[in-house]
Each structure stands twice: as structure tokens, then as C-alpha cells.
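Undergrad: This one is target12.txt, compact mmCIF, C-alpha atoms and all ligand atoms.
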```txt
# COMPACT_ATOMS: atom_id res chain seq x y z
CA MET A 997 94.11 119.82 120.72
CA ALA A 998 95.94 122.98 119.73
CA GLY A 999 93.86 124.83 117.20
CA PRO A 1000 95.00 127.60 114.94
CA ASP A 1001 96.46 130.56 116.75
CA THR A 1002 93.47 132.86 116.62
CA THR A 1003 94.79 135.49 119.03
CA SER A 1004 97.38 136.68 116.55
CA PHE A 1005 94.85 136.88 113.77
CA PRO A 1006 93.45 140.39 113.71
CA PRO A 1007 89.93 140.31 112.37
CA ASN A 1008 89.17 142.84 109.71
CA PRO A 1009 85.44 143.32 109.55
CA GLN A 1010 85.61 146.09 106.97
CA PRO A 1011 86.86 144.71 103.67
CA GLY A 1012 89.98 146.50 102.56
CA ALA A 1013 89.87 148.91 105.49
CA ASP A 1014 93.50 148.52 106.49
CA ARG A 1015 95.02 147.90 103.08
CA ARG A 1016 97.35 150.80 103.43
CA GLY A 1017 98.07 150.49 107.12
CA ALA A 1018 98.71 146.75 107.00
CA GLY A 1019 102.34 145.91 107.54
CA SER A 1020 104.16 142.75 106.56
CA GLU A 1021 103.06 141.25 109.90
CA ARG A 1022 99.48 141.39 108.78
CA HIS A 1023 100.28 139.56 105.56
CA ALA A 1024 102.31 137.00 107.48
CA ASP A 1025 99.30 136.37 109.70
CA ILE A 1026 97.18 135.83 106.63
CA GLU A 1027 99.71 133.34 105.27
CA GLN A 1028 99.63 131.48 108.58
CA SER A 1029 95.94 130.81 108.02
CA PHE A 1030 96.15 129.56 104.43
CA SER A 1031 95.83 125.90 105.46
CA ASP A 1032 92.90 126.43 107.81
CA TYR A 1033 91.18 128.65 105.26
CA TYR A 1034 91.76 126.11 102.48
CA GLU A 1035 90.36 123.28 104.60
CA GLY A 1036 87.40 125.30 105.84
CA LEU A 1037 88.55 125.10 109.45
CA LEU A 1038 88.32 128.82 110.31
CA PRO A 1039 85.43 130.07 112.42
CA ASP A 1040 82.94 132.16 110.40
CA ARG A 1041 84.21 135.52 111.58
CA GLU A 1042 87.83 134.76 110.75
CA ARG A 1043 86.93 133.21 107.44
CA GLU A 1044 85.07 136.33 106.42
CA ALA A 1045 87.96 138.53 107.53
CA MET A 1046 90.33 136.38 105.55
CA ALA A 1047 88.17 136.54 102.42
CA ALA A 1048 87.99 140.28 102.81
CA HIS A 1049 91.75 140.60 103.11
CA LEU A 1050 92.35 138.42 100.08
CA ALA A 1051 89.85 140.43 98.10
CA GLY A 1052 91.73 143.60 98.88
CA CYS A 1053 95.35 142.45 98.92
CA GLU A 1054 96.84 141.40 95.63
CA ALA A 1055 100.02 139.94 97.14
CA CYS A 1056 98.17 137.69 99.58
CA ARG A 1057 95.65 136.72 96.92
CA ALA A 1058 98.40 135.63 94.51
CA GLY A 1059 100.15 133.82 97.36
CA TYR A 1060 96.98 132.00 98.29
CA GLU A 1061 96.30 131.02 94.67
CA GLN A 1062 99.76 129.45 94.44
CA PHE A 1063 99.23 127.69 97.74
CA LYS A 1064 95.86 126.37 96.66
CA SER A 1065 97.09 125.10 93.31
CA ALA A 1066 100.02 123.29 94.96
CA VAL A 1067 97.81 121.54 97.53
CA THR A 1068 95.14 120.75 94.94
CA ALA A 1069 97.77 119.28 92.61
CA LEU A 1070 98.88 116.94 95.41
CA SER A 1071 95.38 115.57 95.79
CA GLU A 1072 95.16 115.10 92.03
CA LEU A 1073 98.34 113.06 91.70
CA HIS A 1074 97.16 109.76 90.34
CA LYS A 1075 97.27 106.73 92.60
CA MET A 1076 100.13 104.37 91.90
CA THR A 1077 99.33 100.66 91.89
CA ALA A 1078 101.66 97.89 93.02
CA PRO A 1079 103.20 95.82 90.20
CA PRO A 1080 101.48 92.52 89.28
CA SER A 1081 104.27 90.38 90.75
CA PHE A 1082 103.98 92.12 94.13
CA ASP A 1083 102.01 89.47 96.05
CA SER A 1084 104.09 86.51 94.91
CA THR A 1085 107.32 88.33 95.69
CA VAL A 1086 106.14 89.02 99.25
CA GLU A 1087 105.19 85.37 99.72
CA ASP A 1088 108.46 84.13 98.22
CA THR A 1089 110.44 86.35 100.58
CA ILE A 1090 108.52 85.13 103.63
CA ARG A 1091 108.98 81.52 102.53
CA ARG A 1092 112.70 82.04 102.02
CA ARG A 1093 113.24 83.87 105.29
CA SER A 1094 111.17 81.39 107.28
CA GLY A 1095 113.12 78.47 105.83
CA GLY A 1096 109.98 77.19 104.13
CA ARG A 1097 107.77 77.24 107.23
CA PHE A 1098 105.27 79.57 105.60
CA PHE A 1099 104.01 79.72 102.05
CA GLY A 1100 106.09 76.56 101.79
CA ARG A 1101 104.48 74.52 99.03
CA LYS A 1102 107.89 74.56 97.44
CA ALA A 1103 109.80 73.98 100.66
CA PHE A 1104 111.53 70.81 99.43
CA GLY A 1105 112.61 72.63 96.32
CA ASP A 1106 114.24 75.21 98.55
CA ARG A 1107 116.69 72.81 100.09
CA VAL A 1108 117.29 70.74 96.92
CA PRO A 1109 116.92 72.55 93.63
CA PHE A 1110 113.71 70.70 92.96
CA GLU A 1111 113.11 71.88 89.41
CA LEU A 1112 116.60 70.83 88.39
CA LEU A 1113 116.13 67.45 90.05
CA ALA A 1114 112.86 66.93 88.18
CA VAL A 1115 114.50 67.74 84.85
CA VAL A 1116 117.40 65.39 85.51
CA VAL A 1117 115.03 62.55 86.46
CA LEU A 1118 112.97 63.18 83.34
CA VAL A 1119 116.03 63.16 81.07
CA ILE A 1120 117.32 59.92 82.59
CA GLY A 1121 113.88 58.33 82.27
CA LEU A 1122 113.61 59.38 78.66
CA ALA A 1123 117.08 58.02 77.89
CA ILE A 1124 116.23 54.62 79.43
CA TRP A 1125 112.97 54.49 77.52
CA LEU A 1126 114.66 55.26 74.21
CA LEU A 1127 117.30 52.63 74.87
CA LEU A 1128 114.69 50.02 75.70
CA ARG A 1129 112.75 50.88 72.59
CA SER A 1130 115.75 50.54 70.27
CA SER A 1131 116.93 47.29 71.85
CA SER A 1132 115.69 44.15 70.02
CA THR A 1133 115.92 42.07 73.19
CA GLY A 1134 113.64 44.41 75.00
CA SER A 1135 116.28 44.59 77.71
CA LEU A 1136 119.44 46.47 78.27
CA ARG A 1137 121.62 43.42 77.57
CA TYR A 1138 123.97 43.99 74.72
CA GLN A 1139 124.03 41.40 71.94
CA ASP A 1140 126.81 41.57 69.34
CA GLU A 1141 126.16 38.49 67.17
CA PRO A 1142 123.13 37.33 65.28
CA GLU A 1143 121.48 34.38 66.88
CA GLN A 1144 122.85 31.03 65.61
CA PRO A 1145 120.62 28.02 65.11
CA ALA A 1146 120.86 25.74 68.12
CA PHE A 1147 122.18 22.85 66.11
CA ALA A 1148 123.81 22.50 62.74
CA PRO A 1149 121.49 21.28 60.01
CA GLY A 1150 121.58 17.56 59.76
CA ALA A 1151 123.22 16.99 63.09
CA ARG A 1152 121.92 13.75 64.32
CA ASP A 1153 123.95 13.19 67.36
CA VAL A 1154 122.72 16.19 69.15
CA VAL A 1155 119.47 14.78 70.22
CA PRO A 1156 120.27 11.82 72.36
CA GLN A 1157 118.77 8.71 70.88
CA PRO A 1158 117.00 6.43 73.26
CA ALA A 1159 119.24 3.59 74.22
CA PRO A 1160 118.29 0.37 72.48
CA LEU A 1161 116.26 -1.78 74.73
CA GLU A 1162 117.96 -4.90 75.92
CA GLN A 1163 116.38 -7.95 74.58
CA MET B 1122 87.03 96.87 116.10
CA THR B 1123 84.21 94.99 114.43
CA LEU B 1124 83.72 91.29 114.95
CA ARG B 1125 84.78 90.68 111.38
CA GLU B 1126 88.00 92.63 111.82
CA ARG B 1127 88.72 90.80 115.06
CA ARG B 1128 88.35 87.47 113.30
CA PHE B 1129 90.58 88.70 110.50
CA ILE B 1130 93.28 89.74 112.99
CA ARG B 1131 93.01 86.40 114.77
CA LYS B 1132 93.62 84.60 111.48
CA LEU B 1133 96.61 86.81 110.76
CA ARG B 1134 97.98 85.95 114.21
CA GLU B 1135 97.58 82.28 113.39
CA ARG B 1136 99.65 82.98 110.27
CA ASP B 1137 96.74 81.92 108.11
CA GLU B 1138 98.14 82.19 104.61
CA LYS B 1139 94.86 82.94 102.93
CA ALA B 1140 94.07 85.73 105.39
CA PHE B 1141 97.52 87.18 104.76
CA ARG B 1142 97.03 86.99 101.00
CA ASP B 1143 93.69 88.78 101.28
CA MET B 1144 95.27 91.46 103.43
CA VAL B 1145 98.10 92.08 100.94
CA GLU B 1146 95.62 92.27 98.10
CA ARG B 1147 93.51 94.75 99.99
CA TYR B 1148 96.26 97.10 101.16
CA ARG B 1149 99.11 96.76 98.65
CA ASP B 1150 98.15 99.82 96.56
CA GLN B 1151 97.66 102.01 99.62
CA VAL B 1152 101.09 101.03 100.92
CA TYR B 1153 102.78 101.22 97.53
CA ASN B 1154 101.35 104.64 96.70
CA THR B 1155 102.59 105.92 100.07
CA THR B 1156 106.09 104.52 99.68
CA TYR B 1157 106.29 105.71 96.07
CA ARG B 1158 105.29 109.27 96.90
CA MET B 1159 107.68 109.30 99.85
CA LEU B 1160 110.65 107.94 97.94
CA GLY B 1161 109.97 108.96 94.35
CA ASN B 1162 111.49 105.78 92.96
CA ARG B 1163 109.65 102.68 91.78
CA GLU B 1164 112.21 100.06 92.75
CA GLU B 1165 112.79 101.47 96.21
CA ALA B 1166 109.05 101.92 96.72
CA GLU B 1167 108.27 98.33 95.77
CA ASP B 1168 111.06 96.92 97.88
CA LEU B 1169 109.97 98.97 100.87
CA ALA B 1170 106.29 98.13 100.45
CA GLN B 1171 107.23 94.46 100.51
CA GLU B 1172 109.20 94.96 103.72
CA VAL B 1173 106.10 96.55 105.22
CA PHE B 1174 104.02 93.43 104.60
CA ILE B 1175 106.78 91.15 105.82
CA THR B 1176 106.90 93.20 109.02
CA VAL B 1177 103.13 92.80 109.38
CA PHE B 1178 103.48 89.05 109.00
CA LYS B 1179 106.22 88.90 111.63
CA SER B 1180 104.83 91.46 114.06
CA ILE B 1181 101.07 91.01 113.94
CA ASP B 1182 101.20 89.80 117.56
CA SER B 1183 102.20 93.30 118.64
CA PHE B 1184 99.02 94.79 117.12
CA ARG B 1185 96.82 95.41 120.14
CA GLY B 1186 93.73 96.57 118.30
CA GLU B 1187 93.83 100.03 119.92
CA SER B 1188 93.68 101.62 116.48
CA LYS B 1189 92.31 100.51 113.15
CA PHE B 1190 94.43 97.90 111.43
CA SER B 1191 95.05 100.29 108.51
CA THR B 1192 96.36 102.93 110.95
CA TRP B 1193 98.81 100.41 112.38
CA LEU B 1194 99.81 99.48 108.85
CA TYR B 1195 100.46 103.15 108.05
CA ARG B 1196 102.57 103.42 111.17
CA ILE B 1197 104.78 100.58 109.99
CA THR B 1198 104.91 102.12 106.51
CA VAL B 1199 105.95 105.53 107.83
CA ASN B 1200 108.63 104.05 110.10
CA HIS B 1201 110.07 102.05 107.22
CA CYS B 1202 109.99 105.16 105.02
CA LYS B 1203 111.83 107.25 107.61
CA ASN B 1204 114.56 104.64 107.91
CA ARG B 1205 114.87 104.24 104.16
CA ILE B 1206 115.03 107.99 103.60
CA LYS B 1207 117.89 108.19 106.10
CA TYR B 1208 119.66 105.29 104.42
CA LEU B 1209 119.17 106.81 100.97
CA ALA B 1210 120.39 110.17 102.19
CA ARG B 1211 123.68 108.53 103.09
CA ARG B 1212 123.91 107.19 99.56
CA HIS B 1213 122.66 110.49 98.20
CA ASP B 1214 125.72 111.81 96.44
CA ARG B 1215 126.44 108.61 94.61
CA ASP B 1216 122.92 108.05 93.48
CA GLN B 1217 121.62 111.55 92.93
CA ARG B 1218 121.82 111.41 89.17
CA GLU B 1219 120.14 108.02 88.93
CA TYR B 1220 117.44 109.12 91.35
CA ASP B 1221 116.62 112.21 89.31
CA GLU B 1222 116.35 110.12 86.18
CA ASN B 1223 113.98 107.72 87.90
CA VAL B 1224 111.78 110.49 89.20
CA THR B 1225 111.57 111.99 85.75
CA ARG B 1226 110.96 108.68 84.02
CA ASP B 1227 108.48 107.40 86.60
CA GLY B 1228 106.66 110.69 86.73
CA ALA B 1229 106.29 110.69 82.97
CA GLU B 1230 105.24 107.03 82.88
CA ALA B 1231 102.86 107.47 85.77
CA ALA B 1232 101.12 110.39 84.20
CA LEU B 1233 100.95 108.76 80.79
CA THR B 1234 99.56 105.46 82.08
CA ALA B 1235 97.07 107.14 84.41
CA PRO B 1236 93.48 106.43 83.46
CA ALA B 1237 92.93 110.13 83.26
CA ARG B 1238 90.05 112.02 81.76
CA PRO B 1239 90.56 112.70 78.05
CA ARG B 1240 92.92 115.56 77.45
CA SER B 1241 94.19 117.45 74.49
CA PRO B 1242 97.90 116.84 73.68
CA ASP B 1243 98.78 120.14 75.33
CA ARG B 1244 96.91 119.25 78.50
CA GLN B 1245 98.54 115.84 78.64
CA LEU B 1246 101.99 117.37 78.51
CA GLU B 1247 100.95 119.71 81.26
CA GLY B 1248 99.82 116.74 83.36
CA VAL B 1249 103.09 114.87 82.86
CA GLU B 1250 105.10 117.96 83.67
CA MET B 1251 103.01 118.69 86.71
CA GLU B 1252 103.50 115.18 88.12
CA GLN B 1253 107.23 115.37 87.51
CA ILE B 1254 107.60 118.77 89.08
CA LEU B 1255 105.45 117.89 92.03
CA GLN B 1256 107.23 114.60 92.72
CA ARG B 1257 110.57 116.38 92.52
CA CYS B 1258 109.39 119.06 94.95
CA ILE B 1259 108.04 116.46 97.39
CA ALA B 1260 111.40 114.68 97.28
CA GLU B 1261 113.15 117.93 98.19
CA LEU B 1262 111.10 118.46 101.35
CA ASP B 1263 112.34 117.62 104.84
CA ASP B 1264 111.15 114.13 105.68
CA ASP B 1265 108.91 115.39 108.51
CA HIS B 1266 107.09 117.65 106.07
CA ARG B 1267 107.07 115.02 103.37
CA ILE B 1268 105.42 112.44 105.63
CA LEU B 1269 102.61 114.78 106.64
CA ILE B 1270 101.98 115.98 103.09
CA VAL B 1271 101.80 112.42 101.79
CA LEU B 1272 99.47 111.30 104.57
CA ARG B 1273 97.17 114.31 104.45
CA ASP B 1274 97.19 115.67 100.91
CA ILE B 1275 97.86 112.50 98.95
CA GLN B 1276 96.43 109.70 101.11
CA ASP B 1277 93.68 111.96 102.43
CA LEU B 1278 93.85 110.83 106.08
CA SER B 1279 92.24 112.72 108.95
CA TYR B 1280 94.33 114.78 111.39
CA GLU B 1281 93.33 112.39 114.14
CA GLU B 1282 94.60 109.37 112.23
CA ILE B 1283 97.82 111.16 111.26
CA GLY B 1284 98.30 112.04 114.93
CA THR B 1285 98.02 108.35 115.84
CA ILE B 1286 100.35 107.27 113.04
CA THR B 1287 103.06 109.81 113.83
CA SER B 1288 102.54 110.03 117.62
CA LEU B 1289 102.23 113.81 117.28
CA PRO B 1290 99.53 116.00 118.84
CA GLU B 1291 97.00 117.17 116.27
CA GLY B 1292 98.04 120.80 116.71
CA THR B 1293 101.62 119.90 115.85
CA VAL B 1294 100.45 117.92 112.84
CA LYS B 1295 98.50 120.94 111.59
CA SER B 1296 101.22 123.52 112.08
CA ARG B 1297 103.94 121.27 110.69
CA LEU B 1298 101.81 120.35 107.71
CA HIS B 1299 101.18 124.01 107.03
CA ARG B 1300 104.91 124.72 107.03
CA GLY B 1301 105.41 121.78 104.69
CA ARG B 1302 102.80 123.08 102.28
CA MET B 1303 104.35 126.54 102.33
CA ALA B 1304 107.75 125.01 101.63
CA LEU B 1305 106.25 123.02 98.78
CA ARG B 1306 104.62 126.12 97.32
CA LYS B 1307 107.94 127.89 97.42
CA LYS B 1308 109.71 125.01 95.69
CA MET B 1309 107.07 124.82 93.01
CA GLN B 1310 107.44 128.51 92.25
CA LYS B 1311 110.94 127.72 90.96
CA TYR B 1312 109.46 125.57 88.24
CA MET B 1313 106.44 127.66 87.32
ZN ZN C 1401 97.98 140.81 102.39
```
Let me see whether you can do it: turn the structure in this file into C-alpha cells.

TA:
Amino acid sequence: MAGPDTTSFPPNPQPGADRRGAGSERHADIEQSFSDYYEGLLPDREREAMAAHLAGCEACRAGYEQFKSAVTALSELHKMTAPPSFDSTVEDTIRRRSGGRFFGRKAFGDRVPFELLAVVVLVIGLAIWLLLRSSSTGSLRYQDEPEQPAFAPGARDVVPQPAPLEQ
Amino acid sequence: MTLRERRFIRKLRERDEKAFRDMVERYRDQVYNTTYRMLGNREEAEDLAQEVFITVFKSIDSFRGESKFSTWLYRITVNHCKNRIKYLARRHDRDQREYDENVTRDGAEAALTAPARPRSPDRQLEGVEMEQILQRCIAELDDDHRILIVLRDIQDLSYEEIGTITSLPEGTVKSRLHRGRMALRKKMQKYM
């Protein structure tokens, strides 16, 4: 594992000792160690040297403060949660793409629009029921005339009389 | 891998629907938060997070158990993110305006709906602005930097795990992450 480049990091045991002599290279080295310093990954000696430099160098201190607030803000971003429909959408997609092999409780409905079919069947059923209910015959047969009596009143010849017995 | 995890993986391999449901329920927020912070757009993030789980369902046989399941899941997530970022970059010009609006709106919504500690009105505005600015700055980073920042500073993963997810040596992860953080700091200075 490649650790931080410690050879290019000049330790500064005396706080503020090289404030004047430090060139931009020195500050650049300090910047290189911001992450390791922030995460507590520097060995003791380097950490102390870093702290000492920051204490004595306003530019690096300001730079480090900005760095720290940016990284801290990242960790404080609130955690987003998946929308409530997430799980069912995943399952629906798998069902669709697998042709109903998985999560396929509604597989039949995939090939035929099942819901539509159910509605149509229901409507037809309801229509038949209403028709049956309104029909006086209790059947679907259409009847256009009121029922006539089977024979005219007083008709005598309708009912066959028994033939007179031969004497 | 624990015995329990092994059994769980076996059930996933058998395409056990209940096991898959449990897995989605357990990991959906982790995946969604990652895709959202990488893409900065709710619709894209949700769509991509769904593709991640569909890939898991299809490709679970290729999980060899050499890493934790969640590491493998992150690997799939990161690969999907990289591809989507490339795809979106091609659409960039056309969609830039819409994208910016989404980032702003989502950032504001996210911060307002966050179950945050009580704040004064001033502090709340600051929080909303901070989320917006930060999300915008993340979106402006190179995707290599963005991935590492999301995995380390937002998802709080170890360097070792990030190394496994990205197939990068730990030293490279560290140095690249540092450059990403410095780039982020610079971008944030514009807004401060
Ligand atoms: Zn300095």
C-alpha cells in the first residue's frame, strides 16, 4: 500500500521557525497532507509538525479550514431515501423483462390485459342479470302480447266430450 | 462470509423472490443515496438504482463471495453510475438547464424534508443553500473524483473497501481522493 509521501514532507520541530524562509513549496507540501491530517493518518511527528505550521502560517491555516469545512459538509449531507414505490417498480420491471417468469402473479394479465377483461366480464354479467330481473318470464325470451286465455269463455267444443257409449 | 450470508446468497441464486425483496428493502437507500449524490437528479438516480437491483437479480451467479455482498453491490452501482455519467455528458448541452433546475429543486427539497435538528430560520436557509452548493460542486467534479468523494466522504466506506470497489490500489485511492477534495474546496470557494 502506498502511504502518504513522507519524504517530501519536511518536519518542522520548532513551531514557526521557518515562517519567513518557507517558500511556496513548503506550503504546497502542507496542502498535500491536508487529507491525512484531517483523517488522523499522519505519524505523530508529522502531525505535530503540521499543527505547528498551521499555527504559524495564516495562509495554510485558512486553506485547511476551508478544506475541513468542505469535507465535513459532505459527511453532513443528509441521507436520501428511495421513494415508496421503489420496490414494486423494481419487481414490475423484472416481471416485464422476464416475460412473467419472476414476480409473475400477474403473468396472465401481462399477455391479455387482465384488468380490462375482468371489467368487460363484469359489465356483461351485470347486463344479463338486469335483463333477467326485468323480464317477467324469468328468461330472455321476448314476449310481445299479453297471455290469452286458453279457450274462449263458454267454448264447449274445446274439451273433447267422451263418445257416447254404444248400447 | 457468514453462514447466514451464504444462505442468503444461495436463495438469491435460486431467484427466491422473498430473499430478493428483503435484499432490496435492506440496500435500496444505500444504493439510492449513492446514485443521487453521483448524478444530482432524482429521476435519474431512481432509474439507475433500479437498474442496479435488476443487474443483481440477473447476475447474482457471478458473485463469487470473495468480497462482502454490499461491496459487490457498490461495484455494480459505481459501474452503472460511470456509464450513466458518460451517457448524460453526451446529452449535456441539451439538458444542462433542466439539470441545474433539478439540482436546485432537489437540494432545497432534500434539505427541507431532512429530519434535521431544530434550526432557526436563518440556519435552515443556510442548510438548504449548503446542500445546493455542495451538490452542484460535486456534479462539477471529474467522475473519478466524484466517485471517490461519494464513497469515502458521503457513504463513509473504508479505503480498503473503496479499493476493492474501484479496483484501484489504496495509495491511488488516497491520492486521487485528496485531489478530488482539493478540487471541491476550490469550487466551493466560488460560492462562499
Ligand atoms: Zn503555510

Undergrad: Chain A residues within 12 Å of chain B, counting all atoms listed in the file: which ones, as number ranges by chain?

TA: A: 997-1001, 1024, 1027-1035, 1037, 1058-1094, 1097-1101

Undergrad: Which residues are near ligand ZN 1401 (chain C) in this structure, taking near to mean any atom at most 9 Å from a ligand atom and counting only C-alpha atoms and all ligand atoms? Format them as a list in words.

TA: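 Residues lying within 9 Å of ligand ZN 1401 (chain C): Arg1015, Ala1018, Gly1019, Ser1020, Arg1022, His1023, Ala1024, Asp1025, Ile1026, Glu1027, His1049, Leu1050, Gly1052, Cys1053, Glu1054, Ala1055, Cys1056, Arg1057 and Gly1059 of chain A.
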
Undergrad: One decimal, in Å: what's the spacing between CA of Leu1160 (chain B) and CA of Phe1190 (chain B)?

TA: 23.4 Å

Undergrad: Please give the centre and size of the box around region 1044-1051 of chain A (axis-aligned, containing every atom listed in the file, 4 Å added per side), with values in Å to one decimal and written as JSON.

TA:
```
{"center_x": 88.7, "center_y": 138.5, "center_z": 102.8, "size_x": 15.3, "size_y": 12.3, "size_z": 17.4}
```

Undergrad: Record the distance separating CA of Leu1126 (chain A) and CA of Ala1114 (chain A), expressed in Å with one decimal.

TA: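 Going from CA of Leu1126 (chain A) over to CA of Ala1114 (chain A), I get 18.3 Å.
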
Undergrad: Please report the interatomic distance between CA of Ile1181 (chain B) and CA of Phe1129 (chain B) in Å with one decimal.

TA: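 CA of Phe1129 (chain B) lies at a distance of 11.3 Å from CA of Ile1181 (chain B).
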
Undergrad: Mind completing region 1078-1088 of chain A with all heavy atoms? Output as a PDB file, keeping the file's coordinate frame, please?

TA:
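Result file part_22.pdb:
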```
ATOM      1  N   ALA A1078     100.536  98.815  92.859  1.00  0.00           N
ATOM      2  CA  ALA A1078     101.660  97.890  93.020  1.00  0.00           C
ATOM      3  C   ALA A1078     101.780  97.019  91.768  1.00  0.00           C
ATOM      4  O   ALA A1078     100.775  96.719  91.127  1.00  0.00           O
ATOM      5  CB  ALA A1078     101.417  97.010  94.244  1.00  0.00           C
ATOM      6  N   PRO A1079     103.007  96.643  91.403  1.00  0.00           N
ATOM      7  CA  PRO A1079     103.200  95.820  90.200  1.00  0.00           C
ATOM      8  C   PRO A1079     102.543  94.446  90.354  1.00  0.00           C
ATOM      9  O   PRO A1079     102.327  93.985  91.476  1.00  0.00           O
ATOM     10  CB  PRO A1079     104.712  95.705  90.083  1.00  0.00           C
ATOM     11  CG  PRO A1079     105.252  96.100  91.392  1.00  0.00           C
ATOM     12  CD  PRO A1079     104.270  96.982  92.055  1.00  0.00           C
ATOM     13  N   PRO A1080     102.230  93.791  89.236  1.00  0.00           N
ATOM     14  CA  PRO A1080     101.480  92.520  89.280  1.00  0.00           C
ATOM     15  C   PRO A1080     102.196  91.413  90.072  1.00  0.00           C
ATOM     16  O   PRO A1080     101.549  90.564  90.661  1.00  0.00           O
ATOM     17  CB  PRO A1080     101.379  92.108  87.805  1.00  0.00           C
ATOM     18  CG  PRO A1080     101.679  93.325  87.029  1.00  0.00           C
ATOM     19  CD  PRO A1080     102.525  94.210  87.860  1.00  0.00           C
ATOM     20  N   SER A1081     103.526  91.442  90.077  1.00  0.00           N
ATOM     21  CA  SER A1081     104.270  90.380  90.750  1.00  0.00           C
ATOM     22  C   SER A1081     104.375  90.614  92.263  1.00  0.00           C
ATOM     23  O   SER A1081     105.012  89.838  92.970  1.00  0.00           O
ATOM     24  CB  SER A1081     105.677  90.305  90.165  1.00  0.00           C
ATOM     25  OG  SER A1081     106.325  91.543  90.368  1.00  0.00           O
ATOM     26  N   PHE A1082     103.761  91.696  92.740  1.00  0.00           N
ATOM     27  CA  PHE A1082     103.980  92.120  94.130  1.00  0.00           C
ATOM     28  C   PHE A1082     103.662  91.015  95.149  1.00  0.00           C
ATOM     29  O   PHE A1082     104.497  90.670  95.986  1.00  0.00           O
ATOM     30  CB  PHE A1082     103.129  93.362  94.418  1.00  0.00           C
ATOM     31  CG  PHE A1082     103.416  93.979  95.746  1.00  0.00           C
ATOM     32  CD1 PHE A1082     104.448  94.883  95.892  1.00  0.00           C
ATOM     33  CD2 PHE A1082     102.675  93.643  96.866  1.00  0.00           C
ATOM     34  CE1 PHE A1082     104.737  95.446  97.127  1.00  0.00           C
ATOM     35  CE2 PHE A1082     102.955  94.198  98.101  1.00  0.00           C
ATOM     36  CZ  PHE A1082     103.983  95.100  98.224  1.00  0.00           C
ATOM     37  N   ASP A1083     102.456  90.449  95.052  1.00  0.00           N
ATOM     38  CA  ASP A1083     102.010  89.470  96.050  1.00  0.00           C
ATOM     39  C   ASP A1083     102.935  88.251  96.112  1.00  0.00           C
ATOM     40  O   ASP A1083     103.326  87.803  97.191  1.00  0.00           O
ATOM     41  CB  ASP A1083     100.592  88.981  95.750  1.00  0.00           C
ATOM     42  CG  ASP A1083      99.577  90.110  95.776  1.00  0.00           C
ATOM     43  OD1 ASP A1083      99.995  91.277  95.680  1.00  0.00           O
ATOM     44  OD2 ASP A1083      98.373  89.832  95.893  1.00  0.00           O
ATOM     45  N   SER A1084     103.274  87.733  94.922  1.00  0.00           N
ATOM     46  CA  SER A1084     104.090  86.510  94.910  1.00  0.00           C
ATOM     47  C   SER A1084     105.497  86.792  95.430  1.00  0.00           C
ATOM     48  O   SER A1084     106.107  85.942  96.080  1.00  0.00           O
ATOM     49  CB  SER A1084     104.124  85.895  93.521  1.00  0.00           C
ATOM     50  OG  SER A1084     104.687  86.803  92.616  1.00  0.00           O
ATOM     51  N   THR A1085     105.988  87.996  95.181  1.00  0.00           N
ATOM     52  CA  THR A1085     107.320  88.330  95.690  1.00  0.00           C
ATOM     53  C   THR A1085     107.321  88.385  97.216  1.00  0.00           C
ATOM     54  O   THR A1085     108.250  87.906  97.868  1.00  0.00           O
ATOM     55  CB  THR A1085     107.817  89.675  95.112  1.00  0.00           C
ATOM     56  OG1 THR A1085     107.614  89.664  93.703  1.00  0.00           O
ATOM     57  CG2 THR A1085     109.278  89.907  95.412  1.00  0.00           C
ATOM     58  N   VAL A1086     106.255  88.957  97.783  1.00  0.00           N
ATOM     59  CA  VAL A1086     106.140  89.020  99.250  1.00  0.00           C
ATOM     60  C   VAL A1086     106.136  87.596  99.822  1.00  0.00           C
ATOM     61  O   VAL A1086     106.883  87.275 100.758  1.00  0.00           O
ATOM     62  CB  VAL A1086     104.858  89.771  99.682  1.00  0.00           C
ATOM     63  CG1 VAL A1086     104.638  89.644 101.181  1.00  0.00           C
ATOM     64  CG2 VAL A1086     104.934  91.239  99.300  1.00  0.00           C
ATOM     65  N   GLU A1087     105.298  86.751  99.212  1.00  0.00           N
ATOM     66  CA  GLU A1087     105.190  85.370  99.720  1.00  0.00           C
ATOM     67  C   GLU A1087     106.513  84.621  99.575  1.00  0.00           C
ATOM     68  O   GLU A1087     106.922  83.886 100.487  1.00  0.00           O
ATOM     69  CB  GLU A1087     104.079  84.630  98.977  1.00  0.00           C
ATOM     70  CG  GLU A1087     102.699  85.132  99.372  1.00  0.00           C
ATOM     71  CD  GLU A1087     101.581  84.455  98.592  1.00  0.00           C
ATOM     72  OE1 GLU A1087     101.811  83.359  98.047  1.00  0.00           O
ATOM     73  OE2 GLU A1087     100.484  85.030  98.533  1.00  0.00           O
ATOM     74  N   ASP A1088     107.168  84.797  98.443  1.00  0.00           N
ATOM     75  CA  ASP A1088     108.460  84.130  98.220  1.00  0.00           C
ATOM     76  C   ASP A1088     109.477  84.553  99.290  1.00  0.00           C
ATOM     77  O   ASP A1088     110.239  83.743  99.807  1.00  0.00           O
ATOM     78  CB  ASP A1088     109.021  84.466  96.838  1.00  0.00           C
ATOM     79  CG  ASP A1088     108.295  83.696  95.740  1.00  0.00           C
ATOM     80  OD1 ASP A1088     107.504  82.790  96.089  1.00  0.00           O
ATOM     81  OD2 ASP A1088     108.489  84.005  94.555  1.00  0.00           O
TER      82      ASP A1088
END
```
